[in-house]
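Trainee: You'll find target_2.tsv just under this line, and it carries TSV, C-alpha atoms.
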chain	number	residue	atom	x	y	z
B	1	MET	CA	0.00	0.00	0.00
B	2	PRO	CA	1.38	3.42	-0.85
B	3	LYS	CA	1.64	5.85	2.04
B	4	ALA	CA	-1.32	8.15	2.47
B	5	ARG	CA	-0.51	11.54	0.97
B	6	PRO	CA	-1.79	14.82	2.35
B	7	LYS	CA	-5.24	15.26	0.88
B	8	HIS	CA	-5.26	19.02	0.70
B	9	LEU	CA	-3.06	22.07	0.64
B	10	ASN	CA	-5.57	24.32	2.35
B	11	LEU	CA	-3.57	27.35	3.46
B	12	PHE	CA	-5.73	27.70	6.56
B	13	VAL	CA	-5.19	24.09	7.63
B	14	ILE	CA	-1.53	23.35	6.91
B	15	ARG	CA	0.95	24.81	9.37
B	16	GLN	CA	3.19	27.39	7.72
B	17	PRO	CA	6.85	27.40	8.79
B	18	ILE	CA	8.12	30.78	9.98
B	19	PRO	CA	10.09	31.60	6.78
B	20	ALA	CA	6.89	31.07	4.78
B	21	ILE	CA	4.97	33.44	7.06
B	22	VAL	CA	7.67	36.14	6.81
B	23	SER	CA	7.81	35.62	3.05
B	24	ILE	CA	4.07	35.97	2.41
B	25	MET	CA	4.04	39.02	4.71
B	26	HIS	CA	6.84	40.47	2.58
B	27	ARG	CA	4.59	40.15	-0.44
B	28	ALA	CA	1.51	41.45	1.37
B	29	SER	CA	3.36	44.45	2.82
B	30	GLY	CA	4.80	45.26	-0.62
B	31	ALA	CA	1.34	45.24	-2.21
B	32	PHE	CA	0.03	47.34	0.67
B	33	LEU	CA	2.80	49.93	0.26
B	34	PHE	CA	2.12	50.17	-3.48
B	35	LEU	CA	-1.61	50.71	-2.90
B	36	PHE	CA	-1.21	53.31	-0.16
B	37	PHE	CA	1.96	55.15	-1.20
B	38	TRP	CA	-0.19	58.12	-2.22
B	39	ILE	CA	-0.89	58.76	1.48
B	40	ILE	CA	2.82	59.32	2.07
B	41	LEU	CA	3.10	61.58	-0.99
B	42	TRP	CA	0.02	63.49	0.09
B	43	GLY	CA	1.55	63.98	3.54
B	44	LEU	CA	4.84	65.20	2.05
B	45	ASP	CA	2.95	67.55	-0.26
B	46	ARG	CA	0.92	69.08	2.59
B	47	SER	CA	3.98	69.33	4.84
B	48	VAL	CA	5.99	71.52	2.45
B	49	ALA	CA	3.16	73.41	0.67
B	50	SER	CA	2.73	76.24	3.20
B	51	PRO	CA	2.98	76.94	6.95
B	52	GLU	CA	-0.83	76.63	7.10
B	53	SER	CA	-0.96	73.19	5.43
B	54	PHE	CA	1.95	72.08	7.64
B	55	ALA	CA	-0.01	73.06	10.75
B	56	GLN	CA	-3.17	71.41	9.39
B	57	LEU	CA	-1.29	68.18	8.72
B	58	LYS	CA	0.27	68.30	12.17
B	59	SER	CA	-3.12	68.55	13.87
B	60	ALA	CA	-4.64	65.93	11.51
B	61	ILE	CA	-2.02	63.30	12.36
B	62	GLY	CA	-2.74	63.84	16.05
B	63	HIS	CA	-6.01	61.97	15.54
B	64	PRO	CA	-5.88	58.38	16.89
B	65	LEU	CA	-7.05	56.89	13.58
B	66	ALA	CA	-4.34	58.81	11.68
B	67	LYS	CA	-1.74	57.55	14.16
B	68	LEU	CA	-2.99	54.01	13.65
B	69	LEU	CA	-2.78	54.41	9.87
B	70	MET	CA	0.79	55.76	10.14
B	71	LEU	CA	1.76	52.83	12.36
B	72	VAL	CA	0.34	50.31	9.87
B	73	LEU	CA	2.25	52.02	7.04
B	74	LEU	CA	5.39	52.07	9.19
B	75	TRP	CA	5.01	48.38	10.02
B	76	ALA	CA	4.55	47.51	6.34
B	77	TYR	CA	7.67	49.53	5.45
B	78	LEU	CA	9.74	48.01	8.27
B	79	HIS	CA	8.60	44.44	7.67
B	80	HIS	CA	9.23	44.78	3.94
B	81	THR	CA	12.67	46.26	4.67
B	82	PHE	CA	13.81	43.65	7.19
B	83	ALA	CA	12.35	40.72	5.23
B	84	GLY	CA	14.07	42.22	2.17
B	85	ILE	CA	17.43	42.37	3.95
B	86	ARG	CA	16.84	38.70	4.80
B	87	HIS	CA	16.35	37.96	1.09
B	88	LEU	CA	19.56	39.83	0.22
B	89	ALA	CA	21.43	37.82	2.86
B	90	LEU	CA	20.07	34.56	1.46
B	91	ASP	CA	21.13	35.66	-2.06
B	92	LEU	CA	24.66	36.09	-0.70
B	93	GLN	CA	24.35	32.59	0.82
B	94	ILE	CA	24.45	33.98	4.35
B	95	GLY	CA	22.55	31.85	6.86
B	96	THR	CA	21.19	29.20	4.55
B	97	ASP	CA	21.10	26.32	7.04
B	98	LEU	CA	17.76	25.67	8.69
B	99	PRO	CA	18.38	26.99	12.24
B	100	LYS	CA	19.79	30.25	10.82
B	101	VAL	CA	16.97	30.51	8.28
B	102	ARG	CA	14.49	30.25	11.14
B	103	ALA	CA	16.43	32.67	13.36
B	104	MET	CA	16.68	35.29	10.61
B	105	SER	CA	12.98	34.92	9.84
B	106	TYR	CA	12.07	35.52	13.48
B	107	ALA	CA	14.51	38.45	13.57
B	108	ALA	CA	12.90	40.07	10.51
B	109	LEU	CA	9.41	39.59	11.95
B	110	LEU	CA	10.24	40.79	15.47
B	111	LEU	CA	12.38	43.78	14.41
B	112	GLY	CA	9.54	45.16	12.31
B	113	LEU	CA	6.94	44.52	15.00
B	114	GLY	CA	9.19	45.71	17.83
B	115	ILE	CA	10.14	49.05	16.26
B	116	THR	CA	6.51	49.67	15.24
B	117	ILE	CA	5.34	49.04	18.81
B	118	ALA	CA	8.12	51.26	20.21
B	119	VAL	CA	7.13	54.12	17.88
B	120	GLY	CA	3.47	53.51	18.74
B	121	VAL	CA	4.22	53.80	22.46
B	122	ALA	CA	6.20	57.00	21.78
B	123	LEU	CA	3.29	58.45	19.77
B	124	TRP	CA	0.72	57.80	22.52
O	1	MET	CA	10.10	14.27	-30.36
O	2	VAL	CA	8.30	17.34	-29.10
O	3	ASN	CA	10.57	20.33	-28.64
O	4	ARG	CA	10.58	20.90	-24.90
O	5	ASP	CA	13.12	23.74	-24.74
O	6	VAL	CA	12.07	26.19	-22.06
O	7	VAL	CA	12.35	29.68	-23.47
O	8	GLY	CA	11.25	32.57	-21.30
O	9	ALA	CA	10.85	36.24	-22.02
O	10	HIS	CA	14.49	36.85	-20.96
O	11	TYR	CA	13.77	39.67	-18.54
O	12	GLY	CA	14.00	37.43	-15.47
O	13	LEU	CA	17.65	37.93	-14.55
O	14	ARG	CA	17.58	41.66	-15.35
O	15	ASP	CA	14.53	42.21	-13.14
O	16	TRP	CA	15.90	39.98	-10.40
O	17	LEU	CA	19.06	42.08	-10.31
O	18	ALA	CA	17.19	45.39	-10.64
O	19	GLN	CA	14.96	44.39	-7.73
O	20	ARG	CA	18.03	44.02	-5.54
O	21	VAL	CA	19.91	47.11	-6.74
O	22	THR	CA	16.82	49.29	-6.24
O	23	ALA	CA	16.28	47.73	-2.80
O	24	VAL	CA	19.80	48.71	-1.74
O	25	VAL	CA	19.31	52.28	-3.06
O	26	MET	CA	16.10	52.59	-1.01
O	27	LEU	CA	17.80	51.11	2.04
O	28	VAL	CA	20.64	53.65	1.82
O	29	TYR	CA	18.13	56.48	1.32
O	30	THR	CA	16.14	55.32	4.35
O	31	LEU	CA	19.25	55.47	6.56
O	32	PHE	CA	20.21	58.85	5.03
O	33	PHE	CA	16.72	60.20	5.68
O	34	LEU	CA	16.74	58.97	9.29
O	35	ALA	CA	20.13	60.64	9.86
O	36	VAL	CA	18.84	63.91	8.37
O	37	LEU	CA	15.67	63.73	10.47
O	38	VAL	CA	17.61	63.19	13.68
O	39	SER	CA	19.98	66.08	12.84
O	40	LEU	CA	17.12	68.60	12.51
O	41	PRO	CA	17.16	70.90	15.56
O	42	THR	CA	13.35	71.05	15.70
O	43	LEU	CA	10.74	69.62	13.38
O	44	ASP	CA	9.01	72.90	12.56
O	45	TYR	CA	7.88	74.23	9.18
O	46	ASP	CA	10.94	76.44	8.54
O	47	ASN	CA	13.48	73.66	9.11
O	48	TRP	CA	11.38	71.11	7.22
O	49	GLN	CA	10.84	73.43	4.25
O	50	ALA	CA	14.54	74.39	4.16
O	51	LEU	CA	15.46	70.70	4.18
O	52	TRP	CA	13.37	70.01	1.06
O	53	ARG	CA	14.86	73.01	-0.71
O	54	MET	CA	18.32	71.43	-0.48
O	55	GLN	CA	19.48	70.04	-3.82
O	56	ILE	CA	21.03	66.95	-2.20
O	57	MET	CA	17.71	66.10	-0.57
O	58	ARG	CA	15.84	66.57	-3.86
O	59	TYR	CA	18.22	64.49	-5.96
O	60	ALA	CA	18.53	61.77	-3.31
O	61	THR	CA	14.74	61.60	-3.26
O	62	VAL	CA	14.61	61.36	-7.06
O	63	PHE	CA	16.99	58.39	-6.89
O	64	PHE	CA	14.78	56.88	-4.21
O	65	ILE	CA	11.55	57.39	-6.13
O	66	LEU	CA	12.95	56.04	-9.41
O	67	SER	CA	14.16	52.95	-7.55
O	68	LEU	CA	10.79	52.62	-5.87
O	69	LEU	CA	8.92	52.82	-9.19
O	70	TYR	CA	10.99	50.08	-10.82
O	71	HIS	CA	10.97	47.97	-7.65
O	72	ALA	CA	7.20	48.30	-7.24
O	73	TRP	CA	6.63	47.50	-10.91
O	74	VAL	CA	8.59	44.24	-10.71
O	75	GLY	CA	6.98	43.28	-7.42
O	76	VAL	CA	3.39	44.10	-8.27
O	77	ARG	CA	3.74	42.57	-11.76
O	78	ASN	CA	4.98	39.33	-10.15
O	79	ILE	CA	2.02	39.30	-7.76
O	80	LEU	CA	-0.40	39.78	-10.67
O	81	MET	CA	1.37	37.06	-12.69
O	82	ASP	CA	0.88	34.65	-9.80
O	83	TYR	CA	-2.77	35.30	-8.99
O	84	VAL	CA	-4.50	36.77	-12.04
O	85	LYS	CA	-4.91	33.98	-14.58
O	86	ASP	CA	-7.03	35.77	-17.17
O	87	LEU	CA	-4.76	37.50	-19.69
O	88	GLY	CA	-7.14	40.34	-20.48
O	89	VAL	CA	-7.75	41.21	-16.84
O	90	ARG	CA	-4.03	40.96	-16.13
O	91	LEU	CA	-3.13	43.32	-18.97
O	92	VAL	CA	-5.67	45.88	-17.78
O	93	LEU	CA	-4.22	45.65	-14.26
O	94	TYR	CA	-0.68	46.04	-15.65
O	95	VAL	CA	-1.73	49.25	-17.38
O	96	LEU	CA	-3.37	50.56	-14.19
O	97	VAL	CA	-0.24	49.76	-12.17
O	98	ILE	CA	2.01	51.51	-14.72
O	99	LEU	CA	-0.21	54.59	-14.79
O	100	THR	CA	-0.35	54.68	-10.99
O	101	LEU	CA	3.44	54.46	-10.75
O	102	ILE	CA	3.95	57.19	-13.37
O	103	GLY	CA	1.50	59.30	-11.37
O	104	TYR	CA	3.47	58.71	-8.16
O	105	GLY	CA	6.66	59.73	-9.99
O	106	VAL	CA	5.26	62.90	-11.53
O	107	TRP	CA	3.65	63.90	-8.24
O	108	THR	CA	6.98	63.46	-6.44
O	109	LEU	CA	8.77	65.71	-8.94
O	110	GLN	CA	6.00	68.26	-8.58
O	111	ILE	CA	6.35	68.23	-4.78
O	112	LEU	CA	10.13	68.57	-5.01
O	113	TRP	CA	10.38	71.31	-7.66
O	114	GLY	CA	6.85	72.49	-8.30
O	115	ARG	CA	6.81	75.62	-6.16
Please express what this file holds, its structure, as structure tokens.

Mentor:
Amino acid sequence: MPKARPKHLNLFVIRQPIPAIVSIMHRASGAFLFLFFWIILWGLDRSVASPESFAQLKSAIGHPLAKLLMLVLLWAYLHHTFAGIRHLALDLQIGTDLPKVRAMSYAALLLGLGITIAVGVALW
Amino acid sequence: MVNRDVVGAHYGLRDWLAQRVTAVVMLVYTLFFLAVLVSLPTLDYDNWQALWRMQIMRYATVFFILSLLYHAWVGVRNILMDYVKDLGVRLVLYVLVILTLIGYGVWTLQILWGR
């Protein structure tokens, strides 16, 4: 009798290893940054347009929802950056054995989350 | 014998390399920007406005945005290639992505030099 094979590849049922999670989050954060980059440009535009628009922007980003949005954008940027550095390291064949692959994946995930939380605490 | 030679579109290696070069440019810019931000005495309008009037800031940002546009194009195109199977829909999305990126680029230039 042949061994029973897995019967499905349901993404919500199979357990993803940590590099897979960091990798799919790299993709998701990249798509997110593409879709919402206009918010950053809009903010830059308002910040340099005039003293009045600068002041308006400053008071607008004091709103809790605006802070939350900035933190999500920051997290996407940081996760994409750290997961990207991980990819560059792997391209240079740095840390390609399994324990290091796992450690670097955790590092990428936790650095992005950690800095975002630290900035969030500083903002509130 | 059926000819089974695998022949791609031949932009794979170029885009793979460009993705990495542009990533490094953006990484360097990010560190540069953080250093500049920390060196500002206070984050008020006058300092901020003066910063964006500096040529080095403007040209560094142009390098950043050009890298970002290419990087985002390769990345978003790869996502669409993976998930959007219908050719017509995919082509329409490609066009929308390209137009969006051109818009981001033009807007950035306008912010940097437009006033």

Trainee: Could the residues of chain B within 10 Å of chain O, counting all atoms listed in the file, be given as number ranges by chain, please?

Mentor: B: 27-28, 30-31, 33-35, 37-38, 41-42, 44-55, 58, 81-82, 84-85, 87-88, 91

Trainee: Grab the atom CA of B:Ala83 to atom CA of B:Ser23 distance for me, in Å with one decimal place.

Mentor: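 That distance, rounded to one decimal, is 7.2 Å.
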
Trainee: Distance atom CA of B:Val72-atom CA of B:Ala60, one decimal place?

Mentor: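 Atom-to-atom, atom CA of B:Val72 to atom CA of B:Ala60, that is 16.5 Å.
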
Trainee: Atom CA of O:Val36 and atom CA of O:Trp113 are how many Å apart?

Mentor: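 Between atom CA of O:Val36 and atom CA of O:Trp113 the gap is 19.6 Å.
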
Trainee: Determine the axis-aligned bounding box of all atoms of stretch 51-60 of chain O present in the file, pad each side by 8 Å, and express its centre and edge lengths in Å to one decimal place as lines of an AutoDock Vina configuration file.

Mentor:
center_x = 17.2
center_y = 67.4
center_z = -0.9
size_x = 23.7
size_y = 27.2
size_z = 26.1

Trainee: With only C-alpha atoms as the basis for distance, which of B:Leu11, B:Leu109, B:Ile39, B:Ala118 is at the shortest distance from B:Met70?

Mentor: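 Of all the options, B:Ile39 lies closest to B:Met70.
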
Trainee: Point out the residue among O:Asp82, O:Phe33, O:Thr42, O:Ala18 with the least atom-to-atom distance to O:Thr61, counting only C-alpha atoms.

Mentor: O:Phe33
